[in-house]
>>> print(open('start_20.cif').read())   # mmCIF, C-alpha atoms
data_work
loop_
_atom_site.group_PDB
_atom_site.id
_atom_site.type_symbol
_atom_site.label_atom_id
_atom_site.label_comp_id
_atom_site.auth_asym_id
_atom_site.auth_seq_id
_atom_site.Cartn_x
_atom_site.Cartn_y
_atom_site.Cartn_z
ATOM 1 C CA MET A 1 112.053 106.717 125.947
ATOM 2 C CA ALA A 2 111.284 103.235 127.200
ATOM 3 C CA VAL A 3 109.437 100.996 124.762
ATOM 4 C CA GLN A 4 107.543 97.866 125.766
ATOM 5 C CA ILE A 5 107.065 95.113 123.195
ATOM 6 C CA THR A 6 104.399 92.529 123.907
ATOM 7 C CA PRO A 7 103.183 89.672 121.699
ATOM 8 C CA THR A 8 99.409 90.027 121.609
ATOM 9 C CA ALA A 9 98.354 87.325 119.146
ATOM 10 C CA THR A 10 99.773 84.288 117.407
ATOM 11 C CA GLN A 11 97.470 82.617 114.920
ATOM 12 C CA HIS A 12 97.992 79.554 112.777
ATOM 13 C CA THR A 13 96.515 80.674 109.459
ATOM 14 C CA GLY A 14 96.763 77.406 107.563
ATOM 15 C CA MET A 15 99.323 75.858 105.297
ATOM 16 C CA THR A 16 101.349 77.452 102.512
ATOM 17 C CA GLU A 17 103.641 76.117 99.805
ATOM 18 C CA SER A 18 107.387 76.601 100.055
ATOM 19 C CA PRO A 19 110.450 75.066 98.400
ATOM 20 C CA ALA A 20 110.380 72.552 101.278
ATOM 21 C CA GLY A 21 106.774 71.619 100.484
ATOM 22 C CA SER A 22 103.646 72.487 102.443
ATOM 23 C CA VAL A 23 104.483 74.331 105.688
ATOM 24 C CA ALA A 24 102.535 76.009 108.478
ATOM 25 C CA ALA A 25 101.655 79.682 108.062
ATOM 26 C CA TRP A 26 101.372 82.011 111.060
ATOM 27 C CA GLN A 27 100.440 85.615 111.838
ATOM 28 C CA VAL A 28 102.165 87.056 114.925
ATOM 29 C CA THR A 29 101.132 90.467 116.277
ATOM 30 C CA PHE A 30 103.214 92.596 118.627
ATOM 31 C CA GLN A 31 102.054 95.678 120.553
ATOM 32 C CA LEU A 32 104.657 98.453 120.915
ATOM 33 C CA ASP A 33 104.012 101.008 123.638
ATOM 34 C CA ALA A 34 106.304 103.973 124.327
ATOM 35 C CA GLU A 35 105.369 105.433 127.720
ATOM 36 C CA ASN A 36 101.839 106.249 126.537
ATOM 37 C CA LEU A 37 103.257 108.634 123.908
ATOM 38 C CA LEU A 38 103.095 106.241 121.001
ATOM 39 C CA ARG A 39 101.324 102.940 120.537
ATOM 40 C CA ALA A 40 101.503 100.695 117.486
ATOM 41 C CA ALA A 41 100.634 97.143 116.540
ATOM 42 C CA ILE A 42 102.741 95.270 114.007
ATOM 43 C CA SER A 43 101.615 91.982 112.457
ATOM 44 C CA ILE A 44 104.242 89.735 110.921
ATOM 45 C CA PRO A 45 103.473 86.747 108.695
ATOM 46 C CA VAL A 46 105.839 83.790 109.005
ATOM 47 C CA ALA A 47 105.881 80.443 107.238
ATOM 48 C CA GLY A 48 107.609 77.261 108.274
ATOM 49 C CA PRO A 49 107.655 77.079 112.086
ATOM 50 C CA THR A 50 105.829 74.055 113.418
ATOM 51 C CA THR A 51 104.918 75.424 116.853
ATOM 52 C CA HIS A 52 103.386 78.541 118.353
ATOM 53 C CA HIS A 53 106.648 79.314 120.194
ATOM 54 C CA GLU A 54 108.812 78.870 117.074
ATOM 55 C CA ALA A 55 106.494 81.196 115.134
ATOM 56 C CA GLN A 56 106.846 83.874 117.829
ATOM 57 C CA GLN A 57 110.634 83.508 117.849
ATOM 58 C CA GLU A 58 110.864 83.806 114.054
ATOM 59 C CA ALA A 59 108.561 86.836 114.041
ATOM 60 C CA LEU A 60 110.599 88.451 116.821
ATOM 61 C CA LYS A 61 113.775 88.093 114.730
ATOM 62 C CA ILE A 62 112.022 89.809 111.817
ATOM 63 C CA LEU A 63 110.729 92.564 114.131
ATOM 64 C CA GLN A 64 114.223 93.160 115.539
ATOM 65 C CA VAL A 65 115.710 93.643 112.057
ATOM 66 C CA PHE A 66 112.807 95.879 111.018
ATOM 67 C CA LEU A 67 113.089 98.104 114.102
ATOM 68 C CA SER A 68 116.865 98.398 113.705
ATOM 69 C CA ASP A 69 116.477 99.416 110.059
ATOM 70 C CA ALA A 70 113.650 101.816 110.959
ATOM 71 C CA CYS A 71 115.848 103.449 113.606
ATOM 72 C CA ASP A 72 118.644 103.914 111.068
ATOM 73 C CA ALA A 73 116.206 105.402 108.555
ATOM 74 C CA ALA A 74 114.747 107.789 111.161
ATOM 75 C CA ASN A 75 118.230 108.970 112.142
ATOM 76 C CA LYS A 76 119.065 109.719 108.501
ATOM 77 C CA TYR A 77 115.740 111.328 107.608
ATOM 78 C CA GLN A 78 115.614 115.053 106.942
ATOM 79 C CA PHE A 79 112.612 117.144 105.985
ATOM 80 C CA SER A 80 112.978 118.782 102.619
ATOM 81 C CA ASN A 81 112.202 122.500 102.254
#
>>> encode(input="start_20.cif", output="C-alpha cells")
Amino acid sequence: MAVQITPTATQHTGMTESPAGSVAAWQVTFQLDAENLLRAAISIPVAGPTTHHEAQQEALKILQVFLSDACDAANKYQFSN
C-alpha cells in the first residue's frame, strides 16, 4: 500500500523556555494518505528550530521514528480472545 506524506501546516506558536533559554515553538502538521483507504493528520510540536524549514525537518525526524515504532507495534499486536 503506497502512503503519501505531505506537510500541510507549519505554524510558529510563540516562544517557550528550554535549558538553552527562550526558543521558538512550532506546530507542524502532516497529512498521511494511503491510496484513499486511510487518511490521517498528525500534528507534531517542536521547540528550538529558528526557521520554518528547520521546524519541518525536526518534525519529520520525529514522525519517522513514530511511524517506525508504530509499524513494529502493529506487527507484534494480537487480538486477545
>>> closest_residue(input="start_20.cif", among="A:Ile42, A:Ala24, A:Val65, A:Ala70", to="Ala9 (chain A)", atoms="only C-alpha atoms")
A:Ile42
>>> resolve_selection(input="start_20.cif", expression="the PyMOL selection byres ((chain A and resi 6) around 12)", output="ChimeraX atom specification")
/A:3-5,7-10,28-34,39-43,56,60,63
>>> closest_residue(input="start_20.cif", among="A:Ala74, A:Ala59, A:Ala2, A:Ala47", to="Gly21 (chain A)", atoms="all atoms listed in the file")
A:Ala47
>>> atom_distance(input="start_20.cif", atom1="CA of Pro45 (chain A)", atom2="CA of Trp26 (chain A)")
5.7 Å
>>> atom_distance(input="start_20.cif", atom1="CA of Ala25 (chain A)", atom2="CA of Ile62 (chain A)")
15.0 Å
>>> closest_residue(input="start_20.cif", among="A:Lys76, A:Cys71, A:Ser22, A:Asn81", to="Pro49 (chain A)", atoms="all atoms listed in the file")
A:Ser22
>>> closest_residue(input="start_20.cif", among="A:Ser80, A:Ser68, A:Lys61, A:Asn75", to="Ile44 (chain A)", atoms="only C-alpha atoms")
A:Lys61
>>> closest_residue(input="start_20.cif", among="A:Met1, A:His12, A:His52, A:Phe79", to="Glu35 (chain A)", atoms="only C-alpha atoms")
A:Met1
>>> atom_distance(input="start_20.cif", atom1="CA of Gln57 (chain A)", atom2="CA of Gln11 (chain A)")
13.5 Å
>>> closest_residue(input="start_20.cif", among="A:Asp72, A:Leu38, A:Val46, A:Gln78", to="Glu58 (chain A)", atoms="only C-alpha atoms")
A:Val46
>>> build_atoms(input="start_20.cif", residues="region 16-48 of chain A", atoms="N, CA and C atoms", output="CSV table (one decimal), in the coordinates of the input")
chain,number,residue,atom,x,y,z
A,16,THR,N,100.9,76.7,103.7
A,16,THR,CA,101.3,77.5,102.5
A,16,THR,C,102.4,76.6,101.8
A,17,GLU,N,102.6,76.8,100.6
A,17,GLU,CA,103.6,76.1,99.8
A,17,GLU,C,105.0,76.8,99.9
A,18,SER,N,106.0,76.1,100.0
A,18,SER,CA,107.4,76.6,100.1
A,18,SER,C,108.3,75.6,99.3
A,19,PRO,N,109.5,76.0,99.1
A,19,PRO,CA,110.4,75.1,98.4
A,19,PRO,C,110.6,73.7,99.2
A,20,ALA,N,110.3,73.8,100.5
A,20,ALA,CA,110.4,72.6,101.3
A,20,ALA,C,109.1,71.8,101.3
A,21,GLY,N,108.1,72.3,100.5
A,21,GLY,CA,106.8,71.6,100.5
A,21,GLY,C,105.8,72.4,101.2
A,22,SER,N,104.7,71.8,101.7
A,22,SER,CA,103.6,72.5,102.4
A,22,SER,C,104.1,72.7,103.9
A,23,VAL,N,104.0,74.0,104.3
A,23,VAL,CA,104.5,74.3,105.7
A,23,VAL,C,103.4,75.2,106.4
A,24,ALA,N,103.5,75.2,107.7
A,24,ALA,CA,102.5,76.0,108.5
A,24,ALA,C,102.7,77.5,108.2
A,25,ALA,N,101.6,78.2,108.2
A,25,ALA,CA,101.7,79.7,108.1
A,25,ALA,C,101.1,80.3,109.4
A,26,TRP,N,101.7,81.4,109.8
A,26,TRP,CA,101.4,82.0,111.1
A,26,TRP,C,101.3,83.5,110.9
A,27,GLN,N,100.5,84.2,111.7
A,27,GLN,CA,100.4,85.6,111.8
A,27,GLN,C,100.7,86.0,113.3
A,28,VAL,N,101.8,86.7,113.6
A,28,VAL,CA,102.2,87.1,114.9
A,28,VAL,C,102.0,88.6,115.0
A,29,THR,N,101.3,89.0,116.1
A,29,THR,CA,101.1,90.5,116.3
A,29,THR,C,101.8,90.9,117.6
A,30,PHE,N,102.5,92.0,117.5
A,30,PHE,CA,103.2,92.6,118.6
A,30,PHE,C,102.6,94.0,118.9
A,31,GLN,N,102.5,94.3,120.1
A,31,GLN,CA,102.1,95.7,120.6
A,31,GLN,C,103.3,96.4,121.0
A,32,LEU,N,103.5,97.6,120.5
A,32,LEU,CA,104.7,98.5,120.9
A,32,LEU,C,104.1,99.6,121.6
A,33,ASP,N,104.5,99.9,122.8
A,33,ASP,CA,104.0,101.0,123.6
A,33,ASP,C,105.2,101.8,124.2
A,34,ALA,N,105.2,103.1,123.9
A,34,ALA,CA,106.3,104.0,124.3
A,34,ALA,C,105.8,105.0,125.3
A,35,GLU,N,105.8,104.6,126.6
A,35,GLU,CA,105.4,105.4,127.7
A,35,GLU,C,104.1,106.3,127.4
A,36,ASN,N,103.1,105.6,126.9
A,36,ASN,CA,101.8,106.2,126.5
A,36,ASN,C,101.9,107.4,125.6
A,37,LEU,N,103.1,107.6,124.9
A,37,LEU,CA,103.3,108.6,123.9
A,37,LEU,C,103.0,108.1,122.5
A,38,LEU,N,103.3,106.9,122.3
A,38,LEU,CA,103.1,106.2,121.0
A,38,LEU,C,102.7,104.8,121.2
A,39,ARG,N,101.7,104.3,120.5
A,39,ARG,CA,101.3,102.9,120.5
A,39,ARG,C,101.1,102.5,119.1
A,40,ALA,N,101.6,101.3,118.8
A,40,ALA,CA,101.5,100.7,117.5
A,40,ALA,C,101.4,99.2,117.6
A,41,ALA,N,100.7,98.6,116.7
A,41,ALA,CA,100.6,97.1,116.5
A,41,ALA,C,101.3,96.8,115.2
A,42,ILE,N,102.1,95.7,115.2
A,42,ILE,CA,102.7,95.3,114.0
A,42,ILE,C,102.5,93.8,113.9
A,43,SER,N,101.9,93.4,112.7
A,43,SER,CA,101.6,92.0,112.5
A,43,SER,C,102.6,91.5,111.5
A,44,ILE,N,103.2,90.3,111.7
A,44,ILE,CA,104.2,89.7,110.9
A,44,ILE,C,103.8,88.3,110.5
A,45,PRO,N,103.7,88.1,109.2
A,45,PRO,CA,103.5,86.7,108.7
A,45,PRO,C,104.8,85.9,108.7
A,46,VAL,N,104.7,84.7,109.1
A,46,VAL,CA,105.8,83.8,109.0
A,46,VAL,C,105.4,82.4,108.5
A,47,ALA,N,106.2,81.8,107.8
A,47,ALA,CA,105.9,80.4,107.2
A,47,ALA,C,107.0,79.5,107.6
A,48,GLY,N,106.6,78.3,108.0
A,48,GLY,CA,107.6,77.3,108.3
A,48,GLY,C,107.6,76.7,109.7
